[in-house]
Amino acid sequence: MIREDFKCRYHAKANQENMVCGKNYRITVLTEGLIRLEYNEQGVFEDRATQVVWNRDFTGSSYEVIATEDGIEIRTDKLYLRYDEQAFSSVGLSIAVKENLEIHHRIWRYGESGGDLGGTARTLDSIDGEVPLESGIVSRRGYAILDDSRSQILLENGWIEPRKKGGIDLYFFGYGLSYKEALRDFYYLCGKTPMLPRFVFGNWWSRYYPYSEESYLQLMNQFSEKNIPFSVAVIDMDWHLVEIDKKYGTGWTGYTWNRELFPNPSRFLEELHKKGMKTTLNLHPADGVRAHEEAYKEMAKELGVDYTKEIPIAFDCTDPDFLEAYFKHLHHPLEKEGVDFWWIDWQQGKQTKIEGLDPLWILNHYHFLDSKKEGKRPMIFSRYAGAGSHRYPIGFSGDTIVTWDSLVFQPYFTATASNIGYGWWSHDIGGHMLGSKDNEMMARWVQFGIYSPIMRLHSSFNEFSGKEPWKFSAETEKVMTEALRQRHRLIPYLYSMNYRNYKEDLPLILPMYYEHPKEEAAYTVKNQYYFGSELMVAPITVPRIPKLGLAEVTVWLPQGIWHDISTGVIYQGNRMLKMYRDLTGIPVFAKAGAILVLTEETSAEAAGRNPESLTVQVYAGENGEFTLYEDDNASCDYEKGIAAKTKLEYLADEGVFTIHACQGNGKLLPQKRKYQIEFVGFSAKTKEEIRLIGNAQIKESETEYLPQTKTVRITIDEVSPENMIQISGVGKANWQLENEKEHLVYIILERAEIAFALKEEIYQKVRMAKDTAVLASDLLAMEIPEKLYAAILEAITTK
């Protein structure tokens with residue numbers, strides 16, 4: 001019997017008027033750029049939902065069918081299809097993309113892969129460096145193929161059925177370089193990514209280690225004392241019995257608490273909850289349920305197994321009765337004790353009793369649906385199981401090796417996953433196993449981690465592999481600690497991007513070519529990406545240069561003005577350049593006009609609620625607009641539109657910044673809020689000219705100027721979110737977009753391990769220079785170390 005809540009909402013049948021049918025084929029024009037291609041010798045076609053595809057009822061598709069001597073032609077605004085009405089073949093079926101792309105590459109012929117830009121992969125387990133990627137749905141050729149010929153059928157009763165063999169079922173994405181449009185239609189076809197609960201955007205502590213209740217809580221207290229925030233406790237497999245009688249097999253699979261380590265599980269979980277933390281437990285379900293488990297007897301009785309003979313209950317995810325008992329007896333009781341969600345650590349392959357059914361997919365699908373009970377916002381933590389897996393966040397990318405090569409690959413791997421709609425990867429930040437300790441590598445990995453979808457530290461059983469910041473050098477400890485705090489500051493912004501992902505079908509992280517599809521440079525900076533609507537990130541994944549103390553990264557700055565949010569340095573865009581950074585930061589840019597909403601409330605408890613104080617950073621150079629999204633952070637009411645939205649707007653010509661009154665359900669927000677509003681890239685005189693415009697509700701405000709980052713800060717206390725705040729005196733005349741280049745060069749030279757006389761000579765040339773091009777030429781002629789010259793060149797060519 002399948003549970004009622006395992007039934008999903010599909011709109012699987014396409015509109016009849018969008019279909020072009022023959023004896024053995026059916027071509028469905030879902031949109032002008034998306035065509036379904038079916039061929040079956042028996043003339044049998046599939047109108048039900050599948051593992052991958054849920055919705056085919058697109059409306060408003062405009063197309064023309066023309067009969068020819070050779071077959072048919074179908075034309076849309078985007079595509080031109082030719083088909084001989086025979087069995088699909090490379091000579092009989094082709095589709096041309098009409099967009100003005102390279103002529104030899106814009107025609108697809110049946111059997112070709114499409115040459116897409118890549119999607120993602122099932123796992124990074126034991127990978128030291130790169131791994132081949134599965135396909136995505138965007139391509140520089142203008143087309144890509146999604147093959148749904150072998151996925152299972154989803155039945156209306158909530159169960160599955162194998163697809164009949166022999167048919168071909170392809171989806172042709174022919175959107176040219178309109179990548180965002182392709183992604184939006186993919187999300188409709190395959191289902192939306194749901195919103196995640198707010199707490200997941202804080203830091204996660206994870207380690208494969210036999211903690212006890214006492215030692216784990218002691219560690220969490222240490223973090224708290226050092227103001228290092230974590231919102232999620234990931235308890236690896238030692239939560240359950242591992243050392244068991246050999247007659248039962250190994251202890252890899254388990255569902256019974258190890259009470260030597262955790263004598264009172266409910267108490268342990270409650271203590272974590274009191275700290276504001278949520279908890280997930282590790283699952284390895286492949287070995288089924290053996291007689292030593294506390295839940296064995298009740299589960300055996302329900303499944304008709306003679307428990308007196310201690311017959312093992314095999315794991316069988318193809319049996320709905322097993323699945324029902326699996327949740328009822330193994331998981332729900334632990335959830336009542338306080339477990340918040342499950343880490344499904346499936347590593348046992350892709351085979352089940354049903355041919356073609358991947359056990360990882362079925363575990364992800366039904367665990368996700370089970371977690372939705374009682375109105376809770378559903379989520380799991382598991383590996384990627386193919387196209388459509390974006391419906392079941394969050395992704396666990398597996399046990400990586402602790403090396404620079406692993407770090408180098410992760411930013412590209414994370415961004416490219418958006419090409420198949422998979423936006424919520426969680427990596428083992430710092431690497432999981434093997435490798436060797438490297439303080440600098442750890443710092444850089446964490447700096448990437450806080451600008452990745454989910455920030456989760458992880459490490460192995462090895463006594464020396466822990467990721468506690470104080471286990472590293474003083475320099476790295478400071479960097480890690482500040483980065484982990486910064487992650488929690490980002491939560492208001494991240495949560496708004498969580499909503500954007502759901503509402504607008506745009507993942508948090510996007511490769512550069514989504515915004516700049518016709519720019520060659522956008523395809524060359526593979527590790528650079530957009531981080532939501534306001535930020536752009538270029539992680540550093542290599543060691544520092546000896547004697548310079550700086551690490552190098554190649555960055556492409558698109559057209560416009562870009563602010564490095566860490567250093568305050570401002571850059572003119574439309575160029576490629578080498579950037580150099582010490583260990584304290586990586587290049588993270590806010591575009592001109594960006595409005596970044598943060599909070600200084602960085603505790604674990606604060607990670608799960610709407611904050612009482614906000615820091616709003618407004619970056620000079622352009623107009624800007626941002627909408628802060630807030631809701632109850634935990635339920636599915638967001639699907640009904642129950643939320644509060646606050647529009648923030650900067651109008652440069654008028655010199656006015658406005659925080660509009662919230663729209664929607666203001667009861668979801670604190671009654672009063674404190675605002676710290678920072679205008680970045682403004683002159684010191686702004687402090688004297690800035691004014692609050694006519695809001696009698698504002699009792700106190702305070703203004704200060706921070707010269708290092710050219711920032712004017714105004715602090716406003718006790719304002720209702722339902723009242724508007726307006727600030728004047730922040731117009732174009734107050735922008736300060738020029739850098740103190742002499743000072744930037746001084747910092748580089750101060751750190752460089754070169755002769756003092758050479759330092760002085762370089763510095764004097766910089767101080768006396770009137771023309772940047774002449775200065776660059778003079779420095780080049782001095783034959784100073786190559787990387788030092790490059791670092792100085794970056795400094796003197798900033799805006």
# chains A, B, ... in the order shown; residues from 1 in each chain; ligands from 1
>>> residues_around(residues="A:Tyr412", least_positions_apart="5", cutoff="10 Å", atoms="only C-alpha atoms", output="ChimeraX atom specification")
/A:120,130,407,417,511,525-529
>>> write_last_selection(atoms="N, CA, C and O atoms", output="PDB file, in the first residue's frame")
ATOM      1  N   THR A 120      26.783  17.562 -14.278  1.00  0.00           N
ATOM      2  CA  THR A 120      27.489  17.229 -13.043  1.00  0.00           C
ATOM      3  C   THR A 120      27.759  15.729 -13.015  1.00  0.00           C
ATOM      4  O   THR A 120      27.667  15.058 -14.046  1.00  0.00           O
ATOM      5  N   GLU A 130      40.000  15.898 -11.225  1.00  0.00           N
ATOM      6  CA  GLU A 130      38.802  15.986 -12.051  1.00  0.00           C
ATOM      7  C   GLU A 130      38.080  14.652 -12.169  1.00  0.00           C
ATOM      8  O   GLU A 130      38.647  13.589 -11.955  1.00  0.00           O
ATOM      9  N   LEU A 407      40.746  20.666  -4.726  1.00  0.00           N
ATOM     10  CA  LEU A 407      40.236  22.021  -4.569  1.00  0.00           C
ATOM     11  C   LEU A 407      40.096  22.724  -5.915  1.00  0.00           C
ATOM     12  O   LEU A 407      39.092  23.401  -6.172  1.00  0.00           O
ATOM     13  N   ALA A 417      27.272  22.331 -12.528  1.00  0.00           N
ATOM     14  CA  ALA A 417      26.082  21.567 -12.138  1.00  0.00           C
ATOM     15  C   ALA A 417      24.795  22.337 -12.421  1.00  0.00           C
ATOM     16  O   ALA A 417      23.736  21.736 -12.630  1.00  0.00           O
ATOM     17  N   PRO A 511      27.690  29.734 -13.919  1.00  0.00           N
ATOM     18  CA  PRO A 511      28.904  30.026 -14.693  1.00  0.00           C
ATOM     19  C   PRO A 511      28.807  31.400 -15.336  1.00  0.00           C
ATOM     20  O   PRO A 511      27.705  31.912 -15.605  1.00  0.00           O
ATOM     21  N   VAL A 525      37.264  31.372 -17.972  1.00  0.00           N
ATOM     22  CA  VAL A 525      37.476  31.456 -16.516  1.00  0.00           C
ATOM     23  C   VAL A 525      36.555  30.428 -15.846  1.00  0.00           C
ATOM     24  O   VAL A 525      35.537  30.775 -15.249  1.00  0.00           O
ATOM     25  N   LYS A 526      36.929  29.175 -15.929  1.00  0.00           N
ATOM     26  CA  LYS A 526      36.039  28.091 -15.531  1.00  0.00           C
ATOM     27  C   LYS A 526      35.750  28.062 -14.034  1.00  0.00           C
ATOM     28  O   LYS A 526      34.735  27.515 -13.602  1.00  0.00           O
ATOM     29  N   ASN A 527      36.637  28.620 -13.230  1.00  0.00           N
ATOM     30  CA  ASN A 527      36.447  28.598 -11.777  1.00  0.00           C
ATOM     31  C   ASN A 527      35.796  29.871 -11.247  1.00  0.00           C
ATOM     32  O   ASN A 527      35.599  30.020 -10.042  1.00  0.00           O
ATOM     33  N   GLN A 528      35.461  30.790 -12.119  1.00  0.00           N
ATOM     34  CA  GLN A 528      34.830  32.047 -11.711  1.00  0.00           C
ATOM     35  C   GLN A 528      33.333  31.933 -11.937  1.00  0.00           C
ATOM     36  O   GLN A 528      32.887  31.328 -12.914  1.00  0.00           O
ATOM     37  N   TYR A 529      32.542  32.541 -11.056  1.00  0.00           N
ATOM     38  CA  TYR A 529      31.097  32.367 -11.167  1.00  0.00           C
ATOM     39  C   TYR A 529      30.355  33.513 -10.500  1.00  0.00           C
ATOM     40  O   TYR A 529      30.909  34.248  -9.669  1.00  0.00           O
TER      41      TYR A 529
END
>>> residues_around(residues="stretch 179-187 of chain A", least_positions_apart="4", cutoff="8 Å", atoms="only C-alpha atoms", output="PDB file with all heavy atoms, in the first residue's frame")
ATOM      1  N   GLY A  33      11.694  26.271 -28.541  1.00  0.00           N
ATOM      2  CA  GLY A  33      13.068  25.777 -28.454  1.00  0.00           C
ATOM      3  C   GLY A  33      13.194  24.380 -27.887  1.00  0.00           C
ATOM      4  O   GLY A  33      14.308  23.853 -27.798  1.00  0.00           O
ATOM      5  N   LEU A  34      12.082  23.749 -27.486  1.00  0.00           N
ATOM      6  CA  LEU A  34      12.129  22.443 -26.821  1.00  0.00           C
ATOM      7  C   LEU A  34      11.204  21.473 -27.551  1.00  0.00           C
ATOM      8  O   LEU A  34       9.988  21.679 -27.597  1.00  0.00           O
ATOM      9  CB  LEU A  34      11.709  22.585 -25.357  1.00  0.00           C
ATOM     10  CG  LEU A  34      11.643  21.312 -24.520  1.00  0.00           C
ATOM     11  CD1 LEU A  34      12.973  20.575 -24.508  1.00  0.00           C
ATOM     12  CD2 LEU A  34      11.205  21.635 -23.092  1.00  0.00           C
ATOM     13  N   ILE A 137      22.108  20.789 -20.268  1.00  0.00           N
ATOM     14  CA  ILE A 137      21.119  21.137 -21.293  1.00  0.00           C
ATOM     15  C   ILE A 137      21.430  22.473 -21.970  1.00  0.00           C
ATOM     16  O   ILE A 137      20.566  23.032 -22.651  1.00  0.00           O
ATOM     17  CB  ILE A 137      19.676  21.123 -20.723  1.00  0.00           C
ATOM     18  CG1 ILE A 137      19.539  21.992 -19.470  1.00  0.00           C
ATOM     19  CG2 ILE A 137      19.262  19.703 -20.387  1.00  0.00           C
ATOM     20  CD1 ILE A 137      19.094  23.392 -19.723  1.00  0.00           C
ATOM     21  N   VAL A 138      22.659  22.986 -21.837  1.00  0.00           N
ATOM     22  CA  VAL A 138      23.069  24.179 -22.563  1.00  0.00           C
ATOM     23  C   VAL A 138      24.370  23.898 -23.305  1.00  0.00           C
ATOM     24  O   VAL A 138      25.189  23.092 -22.860  1.00  0.00           O
ATOM     25  CB  VAL A 138      23.230  25.409 -21.638  1.00  0.00           C
ATOM     26  CG1 VAL A 138      21.915  25.747 -20.960  1.00  0.00           C
ATOM     27  CG2 VAL A 138      24.328  25.198 -20.611  1.00  0.00           C
ATOM     28  N   PHE A 173      16.861  20.426 -26.650  1.00  0.00           N
ATOM     29  CA  PHE A 173      16.892  21.799 -26.163  1.00  0.00           C
ATOM     30  C   PHE A 173      17.647  22.631 -27.200  1.00  0.00           C
ATOM     31  O   PHE A 173      18.872  22.511 -27.320  1.00  0.00           O
ATOM     32  CB  PHE A 173      17.593  21.885 -24.811  1.00  0.00           C
ATOM     33  CG  PHE A 173      16.772  21.358 -23.670  1.00  0.00           C
ATOM     34  CD1 PHE A 173      16.656  19.989 -23.450  1.00  0.00           C
ATOM     35  CD2 PHE A 173      16.118  22.218 -22.811  1.00  0.00           C
ATOM     36  CE1 PHE A 173      15.906  19.492 -22.397  1.00  0.00           C
ATOM     37  CE2 PHE A 173      15.362  21.739 -21.754  1.00  0.00           C
ATOM     38  CZ  PHE A 173      15.246  20.377 -21.548  1.00  0.00           C
ATOM     39  N   GLY A 174      16.931  23.470 -27.930  1.00  0.00           N
ATOM     40  CA  GLY A 174      17.546  24.272 -28.982  1.00  0.00           C
ATOM     41  C   GLY A 174      17.340  25.757 -28.747  1.00  0.00           C
ATOM     42  O   GLY A 174      16.645  26.414 -29.522  1.00  0.00           O
ATOM     43  N   TYR A 175      17.952  26.270 -27.714  1.00  0.00           N
ATOM     44  CA  TYR A 175      17.736  27.656 -27.303  1.00  0.00           C
ATOM     45  C   TYR A 175      18.872  28.585 -27.721  1.00  0.00           C
ATOM     46  O   TYR A 175      18.947  29.719 -27.245  1.00  0.00           O
ATOM     47  CB  TYR A 175      17.536  27.723 -25.790  1.00  0.00           C
ATOM     48  CG  TYR A 175      16.218  27.137 -25.342  1.00  0.00           C
ATOM     49  CD1 TYR A 175      16.073  25.769 -25.128  1.00  0.00           C
ATOM     50  CD2 TYR A 175      15.105  27.949 -25.166  1.00  0.00           C
ATOM     51  CE1 TYR A 175      14.855  25.223 -24.727  1.00  0.00           C
ATOM     52  CE2 TYR A 175      13.892  27.429 -24.759  1.00  0.00           C
ATOM     53  CZ  TYR A 175      13.772  26.061 -24.554  1.00  0.00           C
ATOM     54  OH  TYR A 175      12.557  25.532 -24.163  1.00  0.00           O
ATOM     55  N   GLY A 191      10.372  19.722 -13.112  1.00  0.00           N
ATOM     56  CA  GLY A 191       9.972  20.068 -11.750  1.00  0.00           C
ATOM     57  C   GLY A 191      10.896  21.100 -11.134  1.00  0.00           C
ATOM     58  O   GLY A 191      12.090  21.145 -11.418  1.00  0.00           O
ATOM     59  N   LYS A 192      10.326  21.933 -10.277  1.00  0.00           N
ATOM     60  CA  LYS A 192      11.088  22.995  -9.634  1.00  0.00           C
ATOM     61  C   LYS A 192      12.026  22.473  -8.544  1.00  0.00           C
ATOM     62  O   LYS A 192      11.807  21.394  -7.982  1.00  0.00           O
ATOM     63  CB  LYS A 192      10.141  24.019  -9.005  1.00  0.00           C
ATOM     64  CG  LYS A 192       9.595  25.045  -9.973  1.00  0.00           C
ATOM     65  CD  LYS A 192       8.842  26.121  -9.211  1.00  0.00           C
ATOM     66  CE  LYS A 192       8.481  27.277 -10.113  1.00  0.00           C
ATOM     67  NZ  LYS A 192       9.638  28.075 -10.524  1.00  0.00           N
ATOM     68  N   THR A 193      13.038  23.263  -8.242  1.00  0.00           N
ATOM     69  CA  THR A 193      13.829  23.044  -7.031  1.00  0.00           C
ATOM     70  C   THR A 193      13.077  23.674  -5.864  1.00  0.00           C
ATOM     71  O   THR A 193      12.770  24.871  -5.900  1.00  0.00           O
ATOM     72  CB  THR A 193      15.217  23.690  -7.141  1.00  0.00           C
ATOM     73  OG1 THR A 193      15.926  23.101  -8.221  1.00  0.00           O
ATOM     74  CG2 THR A 193      16.004  23.496  -5.849  1.00  0.00           C
ATOM     75  N   ASN A 419      24.045  23.650 -15.055  1.00  0.00           N
ATOM     76  CA  ASN A 419      23.638  23.337 -16.428  1.00  0.00           C
ATOM     77  C   ASN A 419      22.657  22.175 -16.498  1.00  0.00           C
ATOM     78  O   ASN A 419      22.082  21.912 -17.558  1.00  0.00           O
ATOM     79  CB  ASN A 419      24.855  23.021 -17.292  1.00  0.00           C
ATOM     80  CG  ASN A 419      25.762  24.217 -17.474  1.00  0.00           C
ATOM     81  OD1 ASN A 419      25.355  25.348 -17.283  1.00  0.00           O
ATOM     82  ND2 ASN A 419      27.010  23.960 -17.839  1.00  0.00           N
ATOM     83  N   ILE A 420      22.481  21.466 -15.396  1.00  0.00           N
ATOM     84  CA  ILE A 420      21.450  20.435 -15.302  1.00  0.00           C
ATOM     85  C   ILE A 420      20.538  20.754 -14.119  1.00  0.00           C
ATOM     86  O   ILE A 420      19.859  19.890 -13.555  1.00  0.00           O
ATOM     87  CB  ILE A 420      22.068  19.011 -15.207  1.00  0.00           C
ATOM     88  CG1 ILE A 420      21.041  17.924 -15.498  1.00  0.00           C
ATOM     89  CG2 ILE A 420      22.802  18.802 -13.901  1.00  0.00           C
ATOM     90  CD1 ILE A 420      20.528  17.892 -16.915  1.00  0.00           C
ATOM     91  N   GLY A 421      20.534  22.034 -13.718  1.00  0.00           N
ATOM     92  CA  GLY A 421      19.619  22.520 -12.691  1.00  0.00           C
ATOM     93  C   GLY A 421      19.956  22.115 -11.274  1.00  0.00           C
ATOM     94  O   GLY A 421      19.157  22.327 -10.362  1.00  0.00           O
ATOM     95  N   GLU A 504      12.395  31.990  -9.682  1.00  0.00           N
ATOM     96  CA  GLU A 504      12.874  32.412 -10.993  1.00  0.00           C
ATOM     97  C   GLU A 504      13.687  31.348 -11.707  1.00  0.00           C
ATOM     98  O   GLU A 504      14.165  31.575 -12.822  1.00  0.00           O
ATOM     99  CB  GLU A 504      13.697  33.694 -10.855  1.00  0.00           C
ATOM    100  CG  GLU A 504      12.938  34.866 -10.260  1.00  0.00           C
ATOM    101  CD  GLU A 504      13.800  36.099 -10.114  1.00  0.00           C
ATOM    102  OE1 GLU A 504      14.756  36.259 -10.905  1.00  0.00           O
ATOM    103  OE2 GLU A 504      13.537  36.905  -9.205  1.00  0.00           O
ATOM    104  N   ASP A 505      13.878  30.193 -11.079  1.00  0.00           N
ATOM    105  CA  ASP A 505      14.609  29.080 -11.688  1.00  0.00           C
ATOM    106  C   ASP A 505      16.042  29.464 -12.028  1.00  0.00           C
ATOM    107  O   ASP A 505      16.570  29.094 -13.086  1.00  0.00           O
ATOM    108  CB  ASP A 505      13.883  28.582 -12.936  1.00  0.00           C
ATOM    109  CG  ASP A 505      12.476  28.084 -12.623  1.00  0.00           C
ATOM    110  OD1 ASP A 505      12.309  27.440 -11.578  1.00  0.00           O
ATOM    111  OD2 ASP A 505      11.555  28.348 -13.405  1.00  0.00           O
ATOM    112  N   LEU A 506      16.699  30.166 -11.112  1.00  0.00           N
ATOM    113  CA  LEU A 506      18.100  30.536 -11.280  1.00  0.00           C
ATOM    114  C   LEU A 506      18.889  30.064 -10.064  1.00  0.00           C
ATOM    115  O   LEU A 506      18.699  30.579  -8.964  1.00  0.00           O
ATOM    116  CB  LEU A 506      18.244  32.060 -11.431  1.00  0.00           C
ATOM    117  CG  LEU A 506      17.745  32.658 -12.739  1.00  0.00           C
ATOM    118  CD1 LEU A 506      17.786  34.179 -12.669  1.00  0.00           C
ATOM    119  CD2 LEU A 506      18.590  32.166 -13.912  1.00  0.00           C
ATOM    120  N   TYR A 514      26.394  32.431 -18.419  1.00  0.00           N
ATOM    121  CA  TYR A 514      24.949  32.652 -18.354  1.00  0.00           C
ATOM    122  C   TYR A 514      24.602  34.122 -18.548  1.00  0.00           C
ATOM    123  O   TYR A 514      23.584  34.456 -19.155  1.00  0.00           O
ATOM    124  CB  TYR A 514      24.382  32.151 -17.021  1.00  0.00           C
ATOM    125  CG  TYR A 514      24.000  30.694 -17.070  1.00  0.00           C
ATOM    126  CD1 TYR A 514      24.967  29.707 -17.022  1.00  0.00           C
ATOM    127  CD2 TYR A 514      22.676  30.300 -17.201  1.00  0.00           C
ATOM    128  CE1 TYR A 514      24.638  28.368 -17.091  1.00  0.00           C
ATOM    129  CE2 TYR A 514      22.324  28.959 -17.269  1.00  0.00           C
ATOM    130  CZ  TYR A 514      23.312  27.999 -17.216  1.00  0.00           C
ATOM    131  OH  TYR A 514      22.981  26.670 -17.293  1.00  0.00           O
ATOM    132  N   PRO A 517      26.815  35.164 -22.678  1.00  0.00           N
ATOM    133  CA  PRO A 517      26.961  33.984 -23.543  1.00  0.00           C
ATOM    134  C   PRO A 517      27.759  34.219 -24.821  1.00  0.00           C
ATOM    135  O   PRO A 517      28.265  33.266 -25.417  1.00  0.00           O
ATOM    136  CB  PRO A 517      25.504  33.619 -23.871  1.00  0.00           C
ATOM    137  CG  PRO A 517      24.728  34.873 -23.672  1.00  0.00           C
ATOM    138  CD  PRO A 517      25.408  35.588 -22.552  1.00  0.00           C
TER     139      PRO A 517
END
>>> closest_atom_pairs(of="stretch 459-565 of chain A", to="stretch 194-205 of chain A", cutoff="8 Å", atoms="only C-alpha atoms", output="tab-separated table")
residue	atom	partner	partner_atom	distance
A:Leu484	CA	A:Asn203	CA	6.8
A:Arg487	CA	A:Gly202	CA	6.4
A:His488	CA	A:Gly202	CA	5.4
A:Ile491	CA	A:Phe201	CA	6.1
A:Leu494	CA	A:Phe201	CA	6.9
A:Tyr495	CA	A:Arg198	CA	6.4
A:Asn498	CA	A:Met195	CA	6.0
A:Tyr499	CA	A:Met195	CA	6.3
A:Asn501	CA	A:Met195	CA	7.7
A:Tyr502	CA	A:Pro194	CA	5.8
>>> select_by_dssp(residues="stretch 75-203 of chain A", states="strand (DSSP E)", output="ChimeraX atom specification")
/A:75,79-83,93-97,107-109,144-147,153-154,160-161,168-173,203
>>> write_last_selection(atoms="N, CA, C and O atoms", output="short mmCIF file (atom, residue, chain, number, x, y, z; two decimals), in the first residue's frame")
data_model
loop_
_atom_site.label_atom_id
_atom_site.label_comp_id
_atom_site.auth_asym_id
_atom_site.auth_seq_id
_atom_site.Cartn_x
_atom_site.Cartn_y
_atom_site.Cartn_z
N ARG A 75 8.86 23.99 -38.34
CA ARG A 75 9.58 25.24 -38.15
C ARG A 75 8.98 26.00 -36.97
O ARG A 75 7.76 26.13 -36.85
N LEU A 79 13.82 26.98 -34.28
CA LEU A 79 14.32 25.72 -34.81
C LEU A 79 13.75 25.40 -36.19
O LEU A 79 12.68 25.88 -36.57
N TYR A 80 14.48 24.54 -36.87
CA TYR A 80 14.07 24.06 -38.19
C TYR A 80 14.36 22.56 -38.23
O TYR A 80 15.52 22.14 -38.29
N LEU A 81 13.30 21.74 -38.16
CA LEU A 81 13.44 20.28 -38.08
C LEU A 81 13.10 19.65 -39.43
O LEU A 81 12.09 20.01 -40.06
N ARG A 82 13.92 18.68 -39.83
CA ARG A 82 13.66 17.89 -41.03
C ARG A 82 13.63 16.42 -40.62
O ARG A 82 14.52 15.95 -39.91
N TYR A 83 12.62 15.70 -41.15
CA TYR A 83 12.46 14.29 -40.75
C TYR A 83 11.85 13.51 -41.91
O TYR A 83 10.86 13.93 -42.52
N LEU A 93 16.91 12.51 -39.70
CA LEU A 93 16.40 13.42 -38.68
C LEU A 93 17.48 14.43 -38.32
O LEU A 93 18.57 14.05 -37.87
N SER A 94 17.17 15.68 -38.54
CA SER A 94 18.11 16.75 -38.17
C SER A 94 17.33 17.96 -37.69
O SER A 94 16.17 18.16 -38.06
N ILE A 95 17.96 18.76 -36.85
CA ILE A 95 17.37 20.00 -36.36
C ILE A 95 18.43 21.09 -36.42
O ILE A 95 19.55 20.91 -35.91
N ALA A 96 18.09 22.20 -37.02
CA ALA A 96 18.99 23.35 -37.09
C ALA A 96 18.50 24.43 -36.14
O ALA A 96 17.29 24.70 -36.05
N VAL A 97 19.43 25.04 -35.43
CA VAL A 97 19.13 26.19 -34.57
C VAL A 97 19.24 27.45 -35.41
O VAL A 97 20.25 27.67 -36.08
N ILE A 107 23.74 22.60 -36.49
CA ILE A 107 22.83 21.56 -36.98
C ILE A 107 23.10 20.26 -36.23
O ILE A 107 24.23 19.75 -36.22
N TRP A 108 22.06 19.74 -35.61
CA TRP A 108 22.15 18.45 -34.90
C TRP A 108 21.57 17.36 -35.79
O TRP A 108 20.53 17.55 -36.45
N ARG A 109 22.25 16.22 -35.81
CA ARG A 109 21.75 15.03 -36.51
C ARG A 109 21.58 13.91 -35.50
O ARG A 109 22.41 13.77 -34.59
N ALA A 144 21.26 20.91 -27.08
CA ALA A 144 21.69 19.82 -26.20
C ALA A 144 20.57 18.78 -26.16
O ALA A 144 19.42 19.09 -26.45
N ILE A 145 20.91 17.56 -25.77
CA ILE A 145 19.98 16.44 -25.77
C ILE A 145 19.80 15.90 -24.36
O ILE A 145 20.78 15.66 -23.65
N LEU A 146 18.54 15.70 -23.95
CA LEU A 146 18.21 15.00 -22.71
C LEU A 146 17.52 13.70 -23.10
O LEU A 146 16.45 13.71 -23.70
N ASP A 147 18.16 12.58 -22.79
CA ASP A 147 17.65 11.26 -23.17
C ASP A 147 16.85 10.68 -22.00
O ASP A 147 17.40 10.37 -20.95
N ILE A 153 8.70 4.86 -14.99
CA ILE A 153 7.43 5.59 -15.05
C ILE A 153 6.94 5.82 -13.63
O ILE A 153 7.00 4.93 -12.78
N LEU A 154 6.47 7.02 -13.36
CA LEU A 154 5.85 7.34 -12.07
C LEU A 154 4.34 7.21 -12.20
O LEU A 154 3.72 7.86 -13.05
N ILE A 160 6.15 3.21 -8.86
CA ILE A 160 6.90 3.26 -10.11
C ILE A 160 6.62 2.02 -10.95
O ILE A 160 6.14 1.00 -10.44
N GLU A 161 6.96 2.11 -12.22
CA GLU A 161 6.77 0.99 -13.14
C GLU A 161 7.87 1.06 -14.19
O GLU A 161 8.16 2.14 -14.71
N ILE A 168 12.37 5.17 -28.19
CA ILE A 168 13.30 6.30 -28.10
C ILE A 168 12.50 7.50 -27.60
O ILE A 168 11.41 7.80 -28.11
N ASP A 169 13.04 8.20 -26.61
CA ASP A 169 12.35 9.35 -26.03
C ASP A 169 13.40 10.41 -25.69
O ASP A 169 14.07 10.33 -24.66
N LEU A 170 13.55 11.37 -26.60
CA LEU A 170 14.56 12.41 -26.46
C LEU A 170 13.91 13.78 -26.32
O LEU A 170 12.83 14.03 -26.88
N TYR A 171 14.62 14.67 -25.61
CA TYR A 171 14.21 16.07 -25.53
C TYR A 171 15.34 16.91 -26.12
O TYR A 171 16.48 16.86 -25.64
N PHE A 172 15.00 17.65 -27.15
CA PHE A 172 15.97 18.49 -27.84
C PHE A 172 15.82 19.93 -27.33
O PHE A 172 14.78 20.57 -27.51
N PHE A 173 16.86 20.43 -26.65
CA PHE A 173 16.89 21.80 -26.16
C PHE A 173 17.65 22.63 -27.20
O PHE A 173 18.87 22.51 -27.32
N ASN A 203 26.94 27.27 8.78
CA ASN A 203 28.02 26.29 8.67
C ASN A 203 27.60 24.94 9.22
O ASN A 203 26.87 24.87 10.21
#
>>> residues_around(residues="A:Glu99", least_positions_apart="6", cutoff="8 Å", atoms="only C-alpha atoms", output="PyMOL selection string")
chain A and resi 78+142+176
>>> closest_residue(among="A:Pro721, A:Pro210, A:Gly731, A:Pro312", to="A:Gly621", atoms="only C-alpha atoms")
A:Gly731
>>> closest_residue(among="A:Ile586, A:Arg122, A:Gly568, A:Glu519", to="A:Arg444", atoms="only C-alpha atoms")
A:Ile586
>>> residues_around(residues="A:Tyr451", least_positions_apart="3", cutoff="9 Å", atoms="only C-alpha atoms", output="list of chain:residue names")
A:Val446, A:Gln447, A:Phe448, A:Ile454, A:Met455, A:Arg487, A:Ile509, A:Phe531, A:Val537, A:Pro539, A:Val588
